[in-house]
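Heads up, start_5.csv below (CSV, C-alpha atoms):
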```csv
chain,number,residue,atom,x,y,z
A,1,MET,CA,0.0,0.0,0.0
A,2,THR,CA,1.3,3.4,-0.9
A,3,ARG,CA,1.7,5.7,2.1
A,4,GLU,CA,0.6,9.3,2.0
A,5,ARG,CA,3.4,11.9,1.5
A,6,PHE,CA,3.7,14.6,4.1
A,7,ILE,CA,6.0,17.6,4.4
A,8,VAL,CA,5.9,19.9,7.4
A,9,GLY,CA,7.7,23.2,7.3
A,10,THR,CA,7.9,25.2,10.6
A,11,SER,CA,9.4,28.3,12.2
A,12,GLY,CA,10.3,28.5,15.9
A,13,THR,CA,9.8,24.8,16.7
A,14,TYR,CA,12.1,24.5,19.8
A,15,HIS,CA,11.0,25.4,23.3
A,16,PRO,CA,13.1,26.1,26.4
A,17,GLY,CA,13.7,22.8,28.2
A,18,ARG,CA,12.8,21.7,31.7
A,19,ARG,CA,15.5,19.0,31.8
A,20,CYS,CA,17.7,20.2,29.0
A,21,ASP,CA,18.3,23.5,27.2
A,22,VAL,CA,15.8,23.0,24.5
A,23,GLU,CA,12.9,20.6,23.8
A,24,TYR,CA,11.0,19.6,20.7
A,25,GLY,CA,7.7,21.4,20.8
A,26,PRO,CA,4.2,20.4,19.6
A,27,LEU,CA,5.0,21.2,15.9
A,28,ALA,CA,7.8,18.6,15.7
A,29,ALA,CA,5.6,16.2,17.7
A,30,TYR,CA,2.9,16.6,15.1
A,31,ALA,CA,5.2,15.9,12.3
A,32,VAL,CA,6.3,12.7,14.0
A,33,GLU,CA,2.6,11.8,14.7
A,34,LEU,CA,1.9,12.0,10.9
A,35,ALA,CA,4.3,9.1,10.4
A,36,GLY,CA,1.8,6.8,12.2
A,37,VAL,CA,4.4,4.8,14.1
A,38,GLU,CA,2.9,2.4,16.7
A,39,GLY,CA,4.4,-0.1,19.1
A,40,ARG,CA,8.0,1.3,19.0
A,41,ALA,CA,10.0,4.5,19.2
A,42,PRO,CA,9.7,6.6,16.0
A,43,LYS,CA,13.0,6.7,14.1
A,44,ILE,CA,14.0,10.3,13.3
A,45,GLY,CA,16.7,11.0,10.7
A,46,TYR,CA,18.2,14.2,11.9
A,47,LEU,CA,20.3,16.5,9.7
A,48,ALA,CA,22.1,19.6,11.0
A,49,THR,CA,23.8,20.3,7.7
A,50,ALA,CA,22.6,23.9,7.7
A,51,CYS,CA,24.6,24.7,10.8
A,52,GLY,CA,27.7,22.7,9.8
A,53,ASP,CA,26.9,19.6,11.9
A,54,GLN,CA,27.8,21.3,15.1
A,55,LYS,CA,28.4,18.5,17.7
A,56,ALA,CA,27.0,20.5,20.6
A,57,ARG,CA,23.7,21.1,18.7
A,58,ILE,CA,23.4,17.4,17.7
A,59,ALA,CA,24.0,16.3,21.3
A,60,GLU,CA,21.4,18.8,22.5
A,61,ARG,CA,18.8,17.6,19.9
A,62,MET,CA,19.5,13.9,20.8
A,63,GLU,CA,18.7,14.6,24.5
A,64,ALA,CA,15.5,16.5,23.5
A,65,ALA,CA,14.4,13.5,21.4
A,66,ARG,CA,15.1,11.1,24.2
A,67,LEU,CA,12.7,13.1,26.4
A,68,ARG,CA,10.1,12.7,23.7
A,69,GLY,CA,10.7,9.0,23.4
A,70,TRP,CA,12.1,9.2,19.9
A,71,GLN,CA,15.2,7.5,18.5
A,72,LEU,CA,17.2,10.3,16.9
A,73,ASN,CA,19.6,9.1,14.2
A,74,PRO,CA,21.9,12.0,13.0
A,75,LEU,CA,23.3,12.0,9.5
A,76,THR,CA,26.3,14.2,9.3
A,77,CYS,CA,28.3,15.3,6.3
A,78,PHE,CA,31.3,17.1,7.9
A,79,MET,CA,34.0,16.2,7.5
A,80,MET,CA,32.6,13.1,5.8
A,81,PRO,CA,29.3,11.2,6.1
A,82,ASN,CA,29.1,9.3,9.4
A,83,VAL,CA,27.6,6.2,7.8
A,84,ASP,CA,28.7,4.0,4.9
A,85,ASP,CA,25.5,4.3,3.0
A,86,PRO,CA,23.5,7.6,3.6
A,87,ARG,CA,20.7,6.5,1.3
A,88,GLU,CA,20.1,3.3,3.1
A,89,TYR,CA,20.3,5.1,6.4
A,90,LEU,CA,17.7,7.8,5.5
A,91,LEU,CA,15.3,5.4,3.9
A,92,ASP,CA,15.1,3.4,7.1
A,93,GLN,CA,13.7,6.4,9.0
A,94,ASP,CA,10.1,7.3,9.8
A,95,VAL,CA,10.7,11.0,9.7
A,96,ILE,CA,13.5,13.2,8.4
A,97,TRP,CA,13.9,16.3,10.5
A,98,VAL,CA,16.1,19.1,9.1
A,99,ASP,CA,17.4,21.8,11.5
A,100,GLY,CA,17.9,25.5,10.7
A,101,GLY,CA,20.9,27.5,9.6
A,102,SER,CA,22.1,28.4,6.1
A,103,VAL,CA,19.7,27.0,3.5
A,104,VAL,CA,22.2,27.9,0.7
A,105,ASN,CA,25.0,25.8,2.4
A,106,LEU,CA,22.6,23.0,3.1
A,107,LEU,CA,21.5,22.7,-0.6
A,108,ALA,CA,25.1,22.8,-1.8
A,109,VAL,CA,26.3,20.1,0.6
A,110,TRP,CA,23.3,17.8,0.0
A,111,ARG,CA,23.8,18.0,-3.8
A,112,ALA,CA,27.5,17.3,-3.5
A,113,HIS,CA,26.5,14.0,-1.6
A,114,GLY,CA,23.5,13.2,-3.8
A,115,LEU,CA,21.1,13.7,-0.8
A,116,ASP,CA,18.8,15.8,-2.9
A,117,GLU,CA,17.9,12.6,-4.9
A,118,VAL,CA,17.7,10.6,-1.7
A,119,MET,CA,15.3,13.1,-0.1
A,120,ARG,CA,12.9,12.7,-3.1
A,121,GLU,CA,13.1,9.0,-2.8
A,122,ALA,CA,12.3,9.2,0.9
A,123,TRP,CA,9.3,11.4,0.2
A,124,GLU,CA,8.0,9.1,-2.5
A,125,LYS,CA,8.3,6.2,0.0
A,126,GLY,CA,6.1,8.0,2.5
A,127,ILE,CA,8.8,9.1,5.0
A,128,VAL,CA,7.6,12.4,6.6
A,129,LEU,CA,9.9,15.3,5.6
A,130,ALA,CA,10.0,18.1,8.1
A,131,GLY,CA,12.1,20.8,9.6
A,132,VAL,CA,12.5,24.3,10.9
A,133,SER,CA,13.6,27.5,9.1
A,134,ALA,CA,16.2,26.3,6.5
A,135,GLY,CA,14.7,22.9,7.1
A,136,SER,CA,11.4,24.2,5.9
A,137,MET,CA,12.5,26.4,3.0
A,138,CYS,CA,14.6,23.6,1.4
A,139,TRP,CA,11.6,21.6,0.3
A,140,HIS,CA,10.2,24.6,-1.6
A,141,ILE,CA,11.4,26.5,-4.6
A,142,GLY,CA,13.0,29.0,-2.4
A,143,GLY,CA,12.4,32.3,-0.5
A,144,ALA,CA,14.2,35.1,1.3
A,145,THR,CA,17.4,34.0,3.1
A,146,ASP,CA,20.0,35.5,5.4
A,147,SER,CA,22.5,32.8,4.2
A,148,PHE,CA,24.7,35.6,2.5
A,149,GLY,CA,24.5,38.2,5.3
A,150,PRO,CA,22.2,40.4,7.3
A,151,ASP,CA,20.6,41.9,4.2
A,152,LEU,CA,18.3,39.2,2.9
A,153,ARG,CA,18.7,37.9,-0.6
A,154,PRO,CA,16.6,35.6,-2.8
A,155,VAL,CA,17.3,31.9,-3.2
A,156,THR,CA,15.4,30.0,-5.9
A,157,ASP,CA,17.2,26.7,-6.2
A,158,GLY,CA,15.5,24.8,-3.4
A,159,LEU,CA,14.6,21.1,-3.9
A,160,GLY,CA,11.2,22.2,-5.3
A,161,PHE,CA,9.2,19.2,-4.1
A,162,LEU,CA,6.7,21.9,-3.2
A,163,PRO,CA,6.0,24.3,-6.1
A,164,TYR,CA,5.9,27.4,-3.9
A,165,GLY,CA,8.0,30.0,-2.3
A,166,ASN,CA,8.4,29.8,1.5
A,167,GLY,CA,8.8,32.5,4.1
A,168,VAL,CA,10.2,31.6,7.5
A,169,HIS,CA,10.3,33.6,10.8
A,170,TYR,CA,7.7,35.8,9.1
A,171,GLY,CA,7.0,39.0,10.9
A,172,VAL,CA,10.4,38.9,12.8
A,173,ASN,CA,12.1,41.1,10.2
A,174,PRO,CA,10.0,43.2,7.8
A,175,GLN,CA,12.6,42.6,5.0
A,176,ARG,CA,11.4,39.0,4.9
A,177,ARG,CA,7.9,40.0,3.9
A,178,GLU,CA,9.0,42.7,1.5
A,179,LEU,CA,11.5,40.5,-0.3
A,180,LEU,CA,9.0,37.6,-0.6
A,181,GLN,CA,6.4,39.9,-2.0
A,182,ARG,CA,8.9,41.2,-4.6
A,183,MET,CA,9.8,37.6,-5.5
A,184,VAL,CA,6.1,36.8,-6.2
A,185,ALA,CA,5.7,40.1,-8.1
A,186,GLU,CA,8.7,39.3,-10.3
A,187,GLY,CA,7.6,35.7,-11.0
A,188,ASP,CA,10.2,33.7,-9.0
A,189,PHE,CA,7.2,31.6,-8.0
A,190,THR,CA,3.5,32.1,-8.5
A,191,ASP,CA,2.7,32.0,-4.8
A,192,ALA,CA,4.3,31.4,-1.4
A,193,TYR,CA,3.4,30.1,2.0
A,194,SER,CA,5.0,31.6,5.1
A,195,SER,CA,5.1,30.8,8.8
A,196,GLU,CA,5.4,33.1,11.8
A,197,ASN,CA,7.4,31.6,14.7
A,198,GLY,CA,5.2,28.9,16.2
A,199,ILE,CA,3.5,28.0,12.9
A,200,GLY,CA,3.7,24.7,11.0
A,201,LEU,CA,2.7,24.4,7.4
A,202,VAL,CA,1.4,20.8,6.6
A,203,TYR,CA,1.4,19.6,3.0
A,204,ARG,CA,-0.1,16.3,1.8
A,205,ASP,CA,1.5,15.6,-1.5
A,206,THR,CA,2.0,19.1,-2.8
A,207,GLU,CA,-1.2,20.7,-1.4
A,208,LEU,CA,-1.2,22.8,1.8
A,209,VAL,CA,-3.9,20.9,3.9
A,210,GLU,CA,-3.4,22.4,7.3
A,211,VAL,CA,-1.8,25.2,9.3
A,212,VAL,CA,-1.0,24.5,12.9
A,213,SER,CA,0.5,26.4,15.8
A,214,ASP,CA,2.1,25.8,19.2
A,215,ARG,CA,1.1,29.2,20.6
A,216,ASP,CA,-1.7,31.8,20.4
A,217,GLU,CA,-1.9,34.9,18.1
A,218,VAL,CA,0.4,33.6,15.3
A,219,TYR,CA,-0.5,33.0,11.7
A,220,GLY,CA,0.5,31.5,8.4
A,221,TRP,CA,0.4,33.5,5.2
A,222,HIS,CA,-0.4,32.9,1.6
A,223,THR,CA,1.2,35.4,-0.8
A,224,PHE,CA,0.0,35.3,-4.5
A,225,LYS,CA,-0.5,37.5,-7.5
A,226,ASP,CA,-4.0,38.7,-8.5
A,227,GLY,CA,-3.6,40.4,-11.8
A,228,ASP,CA,-0.8,43.0,-11.3
A,229,GLU,CA,-1.3,43.1,-7.6
A,230,VAL,CA,0.4,41.0,-4.9
A,231,VAL,CA,-2.1,39.8,-2.3
A,232,GLU,CA,-1.3,38.5,1.1
A,233,GLU,CA,-3.9,36.3,2.8
A,234,GLN,CA,-3.7,35.5,6.5
A,235,LEU,CA,-4.1,31.8,7.4
A,236,THR,CA,-5.6,31.0,10.9
A,237,PRO,CA,-4.0,27.9,12.4
A,238,ARG,CA,-5.3,25.1,14.5
A,239,ARG,CA,-3.8,25.3,18.0
A,240,LEU,CA,-2.0,22.1,19.0
A,241,ALA,CA,-2.0,20.9,22.5
A,242,ASP,CA,1.2,21.5,24.5
```

What would you get if you wrote out this structure as structure tokens?
Amino acid sequence: MTRERFIVGTSGTYHPGRRCDVEYGPLAAYAVELAGVEGRAPKIGYLATACGDQKARIAERMEAARLRGWQLNPLTCFMMPNVDDPREYLLDQDVIWVDGGSVVNLLAVWRAHGLDEVMREAWEKGIVLAGVSAGSMCWHIGGATDSFGPDLRPVTDGLGFLPYGNGVHYGVNPQRRELLQRMVAEGDFTDAYSSENGIGLVYRDTELVEVVSDRDEVYGWHTFKDGDEVVEEQLTPRRLAD
């Protein structure tokens, strides 16, 4: 039986921890729930490529996963892959979770190792693809990124599994909204979906089917062109339980 394909793109997923510095919040838990694992710990393929596979961050995320009852399986690329067969490793996971950082560097490293093709294979297999910030934008065509410096610039060579632009940390910096609107106006993509911190965008196949949140008074956004005008539509989320 073919499994449904889900992608979950989020902003602001991590919460201050009670037993460790950070914990996985409800948005990440919902992505894991979509995998439908029963009777064992969910297997989470974790990639911190966008932050250069920082050992401290990986250790921190592994402890946060332990508290959730998940088996976190990091795949690192620096200085070399930490497993003999990254493809086999990733295709054995229930969820692939991609952490934040530089989406430009992430895409370059993944392509150098052929992980872009492996990610598509994982998605086609029904493994849930998910992540935060760069780990959200990477599944889309692109968006506004600070990968090059404080002044945001466009990126349009994302994996493109989702045929939209993606805005992350929407509302934190007005430049994100302004640049994304300009990219829609100039035809970099026909429309874009964006997440404020605390928002998760849930796609089944390539259709946005749900917007969820882990806090109150935050929203998703749909930016699209209507004739010559760029329109921004506010998307009210479903509040997840803590």

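All residues of protein, DNA or RNA that reach within 10 Å of A:Ser11, judged by only C-alpha atoms and not counting those fewer than 5 positions away in the chain, are A:Leu27, A:Gly100, A:Gly131, A:Val132, A:Ser133, A:Ala134, A:Gly135, A:Ser136, A:Met137, A:Gly167, A:Val168, A:His169, A:Tyr170, A:Ser194, A:Ser195, A:Glu196, A:Asn197, A:Gly198, A:Ile199, A:Gly200, A:Leu201, A:Ser213.
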
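Nearest residue to A:Met79 among A:Glu232, A:Asp53, A:Glu124, A:Glu217 is A:Asp53, counting all atoms listed in the file.
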
Between A:Pro26, A:Gly114, A:Gly101, A:Gly142, which has the minimum distance to A:Phe161 (counting all atoms listed in the file)?
A:Gly142

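With all atoms listed in the file as the atoms that count, the residue of A:Gly227, A:Gly165, A:Gly126, A:Pro174 with the shortest distance to A:Trp139 is A:Gly165.
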
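Note that atom CA of A:Trp110 and atom CA of A:Thr190 are 25.9 Å apart.
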
Need to verify the contact set: A:Asn173, 12 Å, all atoms listed in the file, exclusion of same-chain residues closer than 6 positions in sequence. Can you return it as a compact mmCIF listing (two decimals) with C-alpha atoms, in the coordinates of the input?
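Listed below is the output, selection-v8.txt:
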```
# COMPACT_ATOMS: atom_id res chain seq x y z
CA ALA A 144 14.20 35.10 1.30
CA THR A 145 17.40 34.00 3.10
CA ASP A 146 20.00 35.50 5.40
CA PRO A 150 22.20 40.40 7.30
CA ASP A 151 20.60 41.90 4.20
CA LEU A 152 18.30 39.20 2.90
CA GLY A 167 8.80 32.50 4.10
CA LEU A 179 11.50 40.50 -0.30
CA LEU A 180 9.00 37.60 -0.60
CA GLU A 196 5.40 33.10 11.80
CA ASN A 197 7.40 31.60 14.70
```

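Every protein or nucleic acid residue with an atom no more than 10 Å from A:Thr236, counting all atoms listed in the file and leaving out same-chain residues fewer than 4 positions away, appears here: Ile199, Glu210, Val211, Val212, Ser213, Glu217, Val218, Tyr219, Gly220 and Trp221 of chain A.
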
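The residue that comes closest to A:Glu229, out of A:Leu159, A:Val184, A:Arg204, A:Val172 and on the basis of all atoms listed in the file, is A:Val184.
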